[in-house]
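So this one's entry_1.tsv, TSV, C-alpha atoms:
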```tsv
chain	number	residue	atom	x	y	z
A	23	MET	CA	1.55	-4.70	-20.24
A	24	VAL	CA	4.17	-5.94	-22.65
A	25	ASP	CA	3.07	-8.79	-24.85
A	26	ASN	CA	6.27	-10.80	-24.55
A	27	GLU	CA	6.04	-10.97	-20.74
A	28	THR	CA	9.62	-9.97	-19.99
A	29	HIS	CA	9.56	-8.32	-16.56
A	30	PRO	CA	10.42	-10.89	-13.86
A	31	GLY	CA	8.67	-9.01	-11.04
A	32	GLY	CA	10.02	-6.91	-8.21
A	33	ASN	CA	13.18	-7.65	-6.28
A	34	LYS	CA	12.15	-10.34	-3.77
A	35	ASP	CA	15.09	-9.42	-1.50
A	36	TYR	CA	14.34	-5.71	-1.34
A	37	TRP	CA	12.16	-5.62	1.78
A	38	GLN	CA	14.58	-6.59	4.50
A	39	ASP	CA	17.02	-5.14	7.05
A	40	ASP	CA	17.14	-1.32	6.98
A	41	THR	CA	14.39	-1.12	4.37
A	42	VAL	CA	11.99	-2.77	6.81
A	43	LYS	CA	13.19	-0.66	9.75
A	44	LYS	CA	12.83	2.55	7.76
A	45	TYR	CA	9.46	1.62	6.24
A	46	GLU	CA	7.52	4.52	7.74
A	47	TYR	CA	10.20	7.03	6.80
A	48	GLN	CA	10.43	5.76	3.24
A	49	GLN	CA	6.66	5.80	2.85
A	50	ALA	CA	6.52	9.41	4.01
A	51	LEU	CA	8.89	10.34	1.18
A	52	THR	CA	7.32	8.30	-1.61
A	53	SER	CA	3.62	7.79	-0.91
A	54	GLU	CA	1.67	11.01	-1.38
A	55	LYS	CA	-1.80	11.15	0.23
A	56	LYS	CA	-1.33	7.67	1.68
A	57	ALA	CA	-3.67	8.26	4.63
A	58	GLU	CA	-6.45	9.36	2.29
A	59	ARG	CA	-6.08	6.21	0.19
A	60	LEU	CA	-5.98	3.91	3.21
A	61	SER	CA	-9.06	5.56	4.70
A	62	LEU	CA	-10.86	5.26	1.37
A	63	ILE	CA	-10.25	1.51	1.23
A	64	VAL	CA	-11.62	1.07	4.75
A	65	ARG	CA	-14.64	3.21	3.90
A	66	MET	CA	-15.40	1.16	0.77
A	67	ILE	CA	-15.27	-2.09	2.73
A	68	GLN	CA	-17.60	-0.60	5.34
A	69	HIS	CA	-19.97	0.45	2.55
A	70	PHE	CA	-20.17	-3.01	0.96
A	71	CYS	CA	-20.46	-4.69	4.36
A	72	ASN	CA	-23.50	-2.52	5.06
A	73	MET	CA	-24.92	-3.07	1.56
A	74	ASN	CA	-24.55	-6.86	1.70
A	75	SER	CA	-25.20	-7.35	5.43
A	76	ILE	CA	-21.71	-8.68	6.15
A	77	SER	CA	-21.21	-8.54	9.90
A	78	SER	CA	-17.74	-10.06	10.25
A	79	PRO	CA	-15.82	-9.68	6.99
A	80	SER	CA	-12.85	-11.89	6.21
A	81	ILE	CA	-10.05	-9.96	4.51
A	82	LEU	CA	-6.85	-11.08	2.81
A	83	ASP	CA	-4.20	-8.35	2.72
A	84	ILE	CA	-1.59	-9.08	0.03
A	85	GLY	CA	1.72	-7.40	0.83
A	86	CYS	CA	0.73	-6.49	4.37
A	87	GLY	CA	4.06	-4.96	5.36
A	88	PRO	CA	5.20	-4.47	8.97
A	89	GLY	CA	1.82	-3.68	10.56
A	90	SER	CA	2.87	-0.17	11.53
A	91	ALA	CA	0.61	2.86	11.82
A	92	THR	CA	0.38	3.53	8.08
A	93	THR	CA	-0.22	-0.01	6.83
A	94	LEU	CA	-3.53	-1.23	5.45
A	95	SER	CA	-3.88	-4.12	7.93
A	96	LYS	CA	-3.63	-1.66	10.80
A	97	TYR	CA	-6.25	0.61	9.24
A	98	LEU	CA	-8.58	-2.35	8.62
A	99	LEU	CA	-8.32	-3.78	12.12
A	100	GLU	CA	-8.84	-0.36	13.67
A	101	GLY	CA	-11.60	0.85	11.34
A	102	ILE	CA	-13.61	-2.37	11.02
A	103	PRO	CA	-13.74	-3.85	14.56
A	104	GLU	CA	-15.59	-7.01	13.47
A	105	CYS	CA	-13.18	-7.98	10.67
A	106	SER	CA	-10.48	-10.63	10.62
A	107	VAL	CA	-7.36	-10.03	8.54
A	108	ILE	CA	-4.89	-12.49	7.10
A	109	GLY	CA	-1.73	-10.69	6.08
A	110	ILE	CA	0.55	-12.06	3.37
A	111	ASP	CA	4.06	-10.88	2.64
A	112	SER	CA	7.10	-12.29	0.87
A	113	SER	CA	9.40	-10.81	3.51
A	114	GLU	CA	9.89	-12.79	6.72
A	115	GLN	CA	11.04	-9.62	8.48
A	116	MET	CA	7.90	-7.75	7.45
A	117	LEU	CA	5.72	-10.55	8.82
A	118	GLU	CA	7.62	-10.75	12.09
A	119	ALA	CA	7.12	-7.02	12.60
A	120	ALA	CA	3.43	-7.23	11.66
A	121	ALA	CA	2.75	-10.15	14.00
A	122	SER	CA	4.58	-8.46	16.86
A	123	ARG	CA	2.55	-5.28	16.49
A	124	LEU	CA	-0.89	-6.46	15.37
A	125	CYS	CA	-1.27	-9.69	17.31
A	126	ALA	CA	-0.29	-7.87	20.49
A	127	GLU	CA	-3.03	-5.29	19.91
A	128	TYR	CA	-5.75	-7.26	18.09
A	129	GLY	CA	-5.12	-10.86	19.12
A	130	ASP	CA	-6.28	-13.57	16.74
A	131	ARG	CA	-8.06	-11.08	14.50
A	132	PHE	CA	-4.74	-10.92	12.64
A	133	SER	CA	-2.58	-13.74	11.36
A	134	GLY	CA	0.30	-13.60	8.92
A	135	TYR	CA	1.82	-16.01	6.40
A	136	LYS	CA	4.81	-15.84	4.11
A	137	ALA	CA	4.05	-16.24	0.41
A	138	ASN	CA	5.32	-14.78	-2.86
A	139	PHE	CA	2.68	-14.10	-5.52
A	140	ASN	CA	5.28	-14.57	-8.25
A	141	ASN	CA	5.48	-18.25	-7.25
A	142	LEU	CA	2.89	-20.83	-8.27
A	143	ASP	CA	2.56	-22.09	-4.68
A	144	PHE	CA	1.20	-18.78	-3.35
A	145	TRP	CA	-2.12	-20.25	-2.17
A	146	LYS	CA	-0.84	-22.29	0.74
A	147	PRO	CA	-3.40	-24.43	2.64
A	148	GLU	CA	-3.56	-21.86	5.45
A	149	ILE	CA	-4.90	-19.18	3.09
A	150	ASP	CA	-6.51	-21.21	0.30
A	151	ARG	CA	-10.16	-20.27	0.90
A	152	GLU	CA	-12.69	-17.62	-0.08
A	153	TYR	CA	-12.76	-14.10	1.38
A	154	ASN	CA	-15.25	-11.27	1.48
A	155	PHE	CA	-12.50	-8.87	0.45
A	156	ILE	CA	-9.01	-9.23	-0.96
A	157	VAL	CA	-6.98	-6.05	-0.69
A	158	SER	CA	-3.48	-4.83	-1.46
A	159	PHE	CA	-1.62	-1.58	-0.94
A	160	ALA	CA	1.52	-0.79	-2.97
A	161	SER	CA	2.29	-4.43	-3.67
A	162	MET	CA	0.72	-5.62	-6.92
A	163	HIS	CA	3.19	-3.65	-9.04
A	164	TYR	CA	5.84	-6.18	-7.99
A	165	LEU	CA	4.06	-8.91	-9.96
A	166	SER	CA	5.94	-10.40	-12.88
A	167	ASP	CA	4.43	-9.99	-16.34
A	168	LYS	CA	3.72	-13.70	-16.66
A	169	ARG	CA	1.90	-13.79	-13.28
A	170	ILE	CA	-0.33	-10.71	-13.63
A	171	LYS	CA	-3.20	-12.33	-15.51
A	172	PRO	CA	-3.10	-15.73	-13.73
A	173	PHE	CA	-2.81	-14.16	-10.27
A	174	LEU	CA	-5.70	-11.75	-10.83
A	175	LYS	CA	-7.81	-14.73	-11.93
A	176	GLU	CA	-6.76	-16.57	-8.76
A	177	ILE	CA	-7.82	-13.55	-6.70
A	178	TYR	CA	-11.21	-13.57	-8.42
A	179	GLU	CA	-11.66	-17.25	-7.61
A	180	HIS	CA	-10.88	-16.65	-3.93
A	181	ILE	CA	-13.55	-13.97	-3.43
A	182	VAL	CA	-17.13	-14.81	-2.47
A	183	ASP	CA	-20.06	-13.58	-4.54
A	184	ASN	CA	-20.74	-9.89	-3.84
A	185	GLY	CA	-17.19	-9.58	-2.54
A	186	ALA	CA	-14.55	-7.17	-3.80
A	187	PHE	CA	-10.91	-6.78	-4.75
A	188	ILE	CA	-9.47	-3.39	-3.79
A	189	ALA	CA	-5.90	-2.48	-4.59
A	190	ALA	CA	-3.68	0.59	-4.61
A	191	ILE	CA	-1.23	-0.12	-7.43
A	192	GLY	CA	1.75	1.89	-8.65
A	193	ASN	CA	1.49	2.75	-12.33
A	194	HIS	CA	2.50	5.34	-14.89
A	195	SER	CA	1.34	6.70	-18.20
A	196	ASP	CA	2.08	4.94	-21.47
A	197	GLY	CA	3.23	8.33	-22.76
A	198	ARG	CA	6.98	8.66	-22.30
A	199	ARG	CA	7.02	12.39	-21.55
A	200	ILE	CA	4.04	12.15	-19.21
A	201	ALA	CA	5.62	9.22	-17.38
A	202	GLU	CA	8.86	11.19	-16.99
A	203	MET	CA	6.88	14.07	-15.51
A	204	GLU	CA	5.07	11.75	-13.08
A	205	HIS	CA	8.33	10.27	-11.84
A	206	LEU	CA	9.90	13.70	-11.43
A	207	PHE	CA	6.91	14.97	-9.43
A	208	ARG	CA	7.14	11.87	-7.20
A	209	ILE	CA	10.80	12.60	-6.47
A	210	GLU	CA	10.07	16.28	-5.84
A	211	PHE	CA	7.39	15.24	-3.35
A	212	GLY	CA	9.92	13.24	-1.36
A	213	TYR	CA	12.46	16.04	-1.50
A	214	ASN	CA	9.95	18.57	-0.20
A	215	GLN	CA	8.85	16.21	2.59
A	216	LEU	CA	12.31	16.33	4.15
A	217	GLU	CA	12.92	18.72	6.98
A	218	GLU	CA	15.06	21.58	5.78
A	219	SER	CA	17.94	20.49	7.98
A	220	ARG	CA	17.92	17.04	6.33
A	221	ARG	CA	17.31	18.23	2.79
A	222	PRO	CA	20.44	18.00	0.62
A	223	PRO	CA	21.18	21.25	-1.22
A	224	ASP	CA	21.71	19.38	-4.47
A	225	PHE	CA	18.35	18.13	-5.76
A	226	GLN	CA	20.00	16.22	-8.58
A	227	ALA	CA	22.00	14.16	-6.07
A	228	PHE	CA	18.80	13.39	-4.16
A	229	LYS	CA	17.10	12.47	-7.44
A	230	ALA	CA	19.94	10.09	-8.35
A	231	ARG	CA	19.69	8.31	-4.96
A	232	HIS	CA	15.91	8.06	-5.30
A	233	GLU	CA	16.23	6.54	-8.77
A	234	GLU	CA	18.83	4.07	-7.50
A	235	THR	CA	16.38	2.95	-4.79
A	236	ASP	CA	13.65	2.48	-7.42
A	237	LYS	CA	16.08	0.45	-9.49
A	238	LYS	CA	16.78	-1.87	-6.56
A	239	ALA	CA	13.05	-2.38	-5.94
A	240	ASP	CA	12.52	-3.10	-9.67
A	241	ILE	CA	8.86	-2.07	-9.87
A	242	ASN	CA	6.96	-3.46	-12.85
A	243	TRP	CA	5.37	-0.27	-14.16
A	244	HIS	CA	2.22	-0.42	-16.31
A	245	SER	CA	-0.42	2.14	-17.16
A	246	PRO	CA	-3.73	2.44	-15.24
A	247	GLU	CA	-5.57	1.44	-18.42
A	248	LYS	CA	-3.60	-1.79	-18.71
A	249	TRP	CA	-4.28	-2.64	-15.07
A	250	LEU	CA	-7.98	-2.02	-15.67
A	251	GLN	CA	-7.89	-4.30	-18.69
A	252	SER	CA	-6.13	-7.07	-16.75
A	253	ILE	CA	-8.49	-6.85	-13.76
A	254	ARG	CA	-11.55	-6.89	-16.00
A	255	GLY	CA	-10.10	-9.87	-17.81
A	256	ALA	CA	-10.05	-11.84	-14.55
A	257	GLY	CA	-13.87	-11.92	-14.61
A	258	PHE	CA	-14.99	-9.16	-12.24
A	259	GLU	CA	-18.46	-7.76	-12.90
A	260	GLU	CA	-17.59	-4.09	-12.32
A	261	VAL	CA	-14.12	-2.53	-12.28
A	262	ASP	CA	-13.04	1.10	-12.03
A	263	ILE	CA	-10.42	3.49	-10.69
A	264	VAL	CA	-11.79	5.24	-7.61
A	265	PHE	CA	-8.71	7.31	-6.79
A	266	HIS	CA	-5.77	8.40	-8.91
A	267	LEU	CA	-2.75	10.56	-8.18
A	268	LEU	CA	0.18	10.50	-10.57
A	269	LEU	CA	1.90	7.18	-9.97
A	270	SER	CA	-0.76	5.40	-7.91
A	271	SER	CA	-4.34	4.35	-8.54
A	272	VAL	CA	-6.87	2.66	-6.27
A	273	PHE	CA	-8.81	0.00	-8.21
A	274	LEU	CA	-12.16	-1.38	-7.11
A	275	ALA	CA	-13.38	-4.66	-8.63
A	276	LEU	CA	-16.74	-6.19	-7.67
A	277	LYS	CA	-17.62	-9.85	-8.07
```
What does this structure look like when you write it as structure tokens?
Amino acid sequence: MVDNETHPGGNKDYWQDDTVKKYEYQQALTSEKKAERLSLIVRMIQHFCNMNSISSPSILDIGCGPGSATTLSKYLLEGIPECSVIGIDSSEQMLEAAASRLCAEYGDRFSGYKANFNNLDFWKPEIDREYNFIVSFASMHYLSDKRIKPFLKEIYEHIVDNGAFIAAIGNHSDGRRIAEMEHLFRIEFGYNQLEESRRPPDFQAFKARHEETDKKADINWHSPEKWLQSIRGAGFEEVDIVFHLLLSSVFLALK
């Protein structure tokens, strides 16, 4: 994390219109081993529910997305039948899609609210309470530098004792050449995911478009080590990386 806190956070207007409609397609091109990471988060929650005799866990999903088949809220509601999930997103269109899908299938086990964690009024009255688990998938890397430490502390304060914060966060190495390699491998993954008939013959042109999309999203990249340091600094008793693949790590923090 930079000391002078310069990054303003991700583009708040990025997740709308075609970006929302093409969410599943975009994820297939950019999120390697996503199903494995989603399943791991569900499995960890099941483990700590069993360990701490939690029968009906309350879960806050930060950056819930559109509630489609490869979103964390969907995995949670399907994999933990006794849980209730509150989904938060800064995009009204994402929330509308999530409510349409998840409320129709799971009823009042899911509810969604609009909030932006880069704003000081994130904890609206509807969500300002304690949870057994606070989770996030591919969202926290849109935090601004000045909100990372305060927001992680706020998360800690909204988790019950013996609860957990679990987050898949985009990150890259502090080493310039290693970070360049990680980004290239991520783009190559997307290129290879395309059906041959849809794959442009010019990889460099594909790479340029991919980088332009990243620029629009304006991800706030930090290293896994710096995320660990920030999460530990929020007060959690135990913190570690439980899954890592190039530009994404799954962090587990226990209160």
Which residues of range 24-106 of chain A come within 6 Å of range 160-170 of chain A, and for each one, what is the closest pair of atoms and their distance in Å to one decimal, counting all atoms listed in the file, sorted by chain and residue number, as a tab-separated table?
```
residue	atom	partner	partner_atom	distance
A:Glu27	CA	A:Asp167	CA	4.8
A:His29	CA	A:Asp167	CA	5.4
A:Pro30	CA	A:Ser166	CA	4.6
A:Gly31	CA	A:Ser166	CA	3.6
A:Gly32	CA	A:Tyr164	CA	4.2
A:Gly85	CA	A:Ser161	CA	5.4
```
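Pairwise distance (CA of Ala275 in chain A, CA of Lys175 in chain A) equals 12.0 Å.
Nearest to Phe228 in chain A of all the residues A:Tyr128, A:Phe273, A:Trp243, A:Phe211 is A:Phe211, counting all atoms listed in the file.
When only C-alpha atoms are used to compute distances to Leu124 in chain A, the closest of the residues A:Glu210, A:Glu100, A:Glu54, A:Asp196 turns out to be A:Glu100.
Look at Glu46 in chain A: the protein and nucleic acid residues within 8 Å of it, using all atoms listed in the file and passing over chain neighbours fewer than 3 places away, are Lys43, Gln49, Ala50, Ser90 and Thr92 of chain A.
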Using the incomplete input, complete range 160-184 of chain A to the level of N, CA and C atoms; output as a PDB file, keeping the file's coordinate frame.
```pdb
ATOM      1  N   ALA A 160       0.139  -0.972  -2.490  1.00  0.00           N
ATOM      2  CA  ALA A 160       1.520  -0.790  -2.970  1.00  0.00           C
ATOM      3  C   ALA A 160       2.287  -2.109  -3.011  1.00  0.00           C
ATOM      4  N   SER A 161       1.649  -3.126  -3.576  1.00  0.00           N
ATOM      5  CA  SER A 161       2.290  -4.430  -3.670  1.00  0.00           C
ATOM      6  C   SER A 161       2.153  -5.057  -5.051  1.00  0.00           C
ATOM      7  N   MET A 162       1.002  -4.905  -5.677  1.00  0.00           N
ATOM      8  CA  MET A 162       0.720  -5.620  -6.920  1.00  0.00           C
ATOM      9  C   MET A 162       1.665  -5.229  -8.059  1.00  0.00           C
ATOM     10  N   HIS A 163       2.265  -4.047  -7.973  1.00  0.00           N
ATOM     11  CA  HIS A 163       3.190  -3.650  -9.040  1.00  0.00           C
ATOM     12  C   HIS A 163       4.538  -4.372  -8.954  1.00  0.00           C
ATOM     13  N   TYR A 164       4.661  -5.314  -8.019  1.00  0.00           N
ATOM     14  CA  TYR A 164       5.840  -6.180  -7.990  1.00  0.00           C
ATOM     15  C   TYR A 164       5.575  -7.523  -8.679  1.00  0.00           C
ATOM     16  N   LEU A 165       4.368  -7.694  -9.222  1.00  0.00           N
ATOM     17  CA  LEU A 165       4.060  -8.910  -9.960  1.00  0.00           C
ATOM     18  C   LEU A 165       4.887  -8.989 -11.243  1.00  0.00           C
ATOM     19  N   SER A 166       5.269 -10.200 -11.604  1.00  0.00           N
ATOM     20  CA  SER A 166       5.940 -10.400 -12.880  1.00  0.00           C
ATOM     21  C   SER A 166       4.898 -10.337 -13.999  1.00  0.00           C
ATOM     22  N   ASP A 167       5.354 -10.052 -15.204  1.00  0.00           N
ATOM     23  CA  ASP A 167       4.430  -9.990 -16.340  1.00  0.00           C
ATOM     24  C   ASP A 167       3.674 -11.301 -16.522  1.00  0.00           C
ATOM     25  N   LYS A 168       4.379 -12.420 -16.403  1.00  0.00           N
ATOM     26  CA  LYS A 168       3.720 -13.700 -16.660  1.00  0.00           C
ATOM     27  C   LYS A 168       2.740 -14.094 -15.569  1.00  0.00           C
ATOM     28  N   ARG A 169       2.812 -13.436 -14.381  1.00  0.00           N
ATOM     29  CA  ARG A 169       1.900 -13.790 -13.280  1.00  0.00           C
ATOM     30  C   ARG A 169       0.731 -12.816 -13.144  1.00  0.00           C
ATOM     31  N   ILE A 170       0.739 -11.691 -13.826  1.00  0.00           N
ATOM     32  CA  ILE A 170      -0.330 -10.710 -13.630  1.00  0.00           C
ATOM     33  C   ILE A 170      -1.691 -11.309 -13.938  1.00  0.00           C
ATOM     34  N   LYS A 171      -1.886 -11.810 -15.128  1.00  0.00           N
ATOM     35  CA  LYS A 171      -3.200 -12.330 -15.510  1.00  0.00           C
ATOM     36  C   LYS A 171      -3.596 -13.566 -14.688  1.00  0.00           C
ATOM     37  N   PRO A 172      -2.716 -14.573 -14.547  1.00  0.00           N
ATOM     38  CA  PRO A 172      -3.100 -15.730 -13.730  1.00  0.00           C
ATOM     39  C   PRO A 172      -3.402 -15.370 -12.273  1.00  0.00           C
ATOM     40  N   PHE A 173      -2.602 -14.474 -11.684  1.00  0.00           N
ATOM     41  CA  PHE A 173      -2.810 -14.160 -10.270  1.00  0.00           C
ATOM     42  C   PHE A 173      -4.112 -13.381 -10.057  1.00  0.00           C
ATOM     43  N   LEU A 174      -4.425 -12.470 -10.950  1.00  0.00           N
ATOM     44  CA  LEU A 174      -5.700 -11.750 -10.830  1.00  0.00           C
ATOM     45  C   LEU A 174      -6.877 -12.714 -10.950  1.00  0.00           C
ATOM     46  N   LYS A 175      -6.760 -13.705 -11.821  1.00  0.00           N
ATOM     47  CA  LYS A 175      -7.810 -14.730 -11.930  1.00  0.00           C
ATOM     48  C   LYS A 175      -7.905 -15.526 -10.640  1.00  0.00           C
ATOM     49  N   GLU A 176      -6.772 -15.850 -10.028  1.00  0.00           N
ATOM     50  CA  GLU A 176      -6.760 -16.570  -8.760  1.00  0.00           C
ATOM     51  C   GLU A 176      -7.428 -15.736  -7.661  1.00  0.00           C
ATOM     52  N   ILE A 177      -7.159 -14.437  -7.663  1.00  0.00           N
ATOM     53  CA  ILE A 177      -7.820 -13.550  -6.700  1.00  0.00           C
ATOM     54  C   ILE A 177      -9.327 -13.606  -6.878  1.00  0.00           C
ATOM     55  N   TYR A 178      -9.763 -13.500  -8.125  1.00  0.00           N
ATOM     56  CA  TYR A 178     -11.210 -13.570  -8.420  1.00  0.00           C
ATOM     57  C   TYR A 178     -11.816 -14.852  -7.857  1.00  0.00           C
ATOM     58  N   GLU A 179     -11.139 -15.960  -8.049  1.00  0.00           N
ATOM     59  CA  GLU A 179     -11.660 -17.250  -7.610  1.00  0.00           C
ATOM     60  C   GLU A 179     -11.670 -17.407  -6.101  1.00  0.00           C
ATOM     61  N   HIS A 180     -10.931 -16.562  -5.388  1.00  0.00           N
ATOM     62  CA  HIS A 180     -10.880 -16.650  -3.930  1.00  0.00           C
ATOM     63  C   HIS A 180     -11.741 -15.590  -3.243  1.00  0.00           C
ATOM     64  N   ILE A 181     -12.625 -14.960  -3.987  1.00  0.00           N
ATOM     65  CA  ILE A 181     -13.550 -13.970  -3.430  1.00  0.00           C
ATOM     66  C   ILE A 181     -14.971 -14.499  -3.533  1.00  0.00           C
ATOM     67  N   VAL A 182     -15.737 -14.353  -2.469  1.00  0.00           N
ATOM     68  CA  VAL A 182     -17.130 -14.810  -2.470  1.00  0.00           C
ATOM     69  C   VAL A 182     -17.971 -13.919  -3.391  1.00  0.00           C
ATOM     70  N   ASP A 183     -19.141 -14.408  -3.778  1.00  0.00           N
ATOM     71  CA  ASP A 183     -20.060 -13.580  -4.540  1.00  0.00           C
ATOM     72  C   ASP A 183     -20.410 -12.317  -3.756  1.00  0.00           C
ATOM     73  N   ASN A 184     -20.503 -11.211  -4.449  1.00  0.00           N
ATOM     74  CA  ASN A 184     -20.740  -9.890  -3.840  1.00  0.00           C
ATOM     75  C   ASN A 184     -19.547  -9.391  -3.037  1.00  0.00           C
TER      76      ASN A 184
END
```
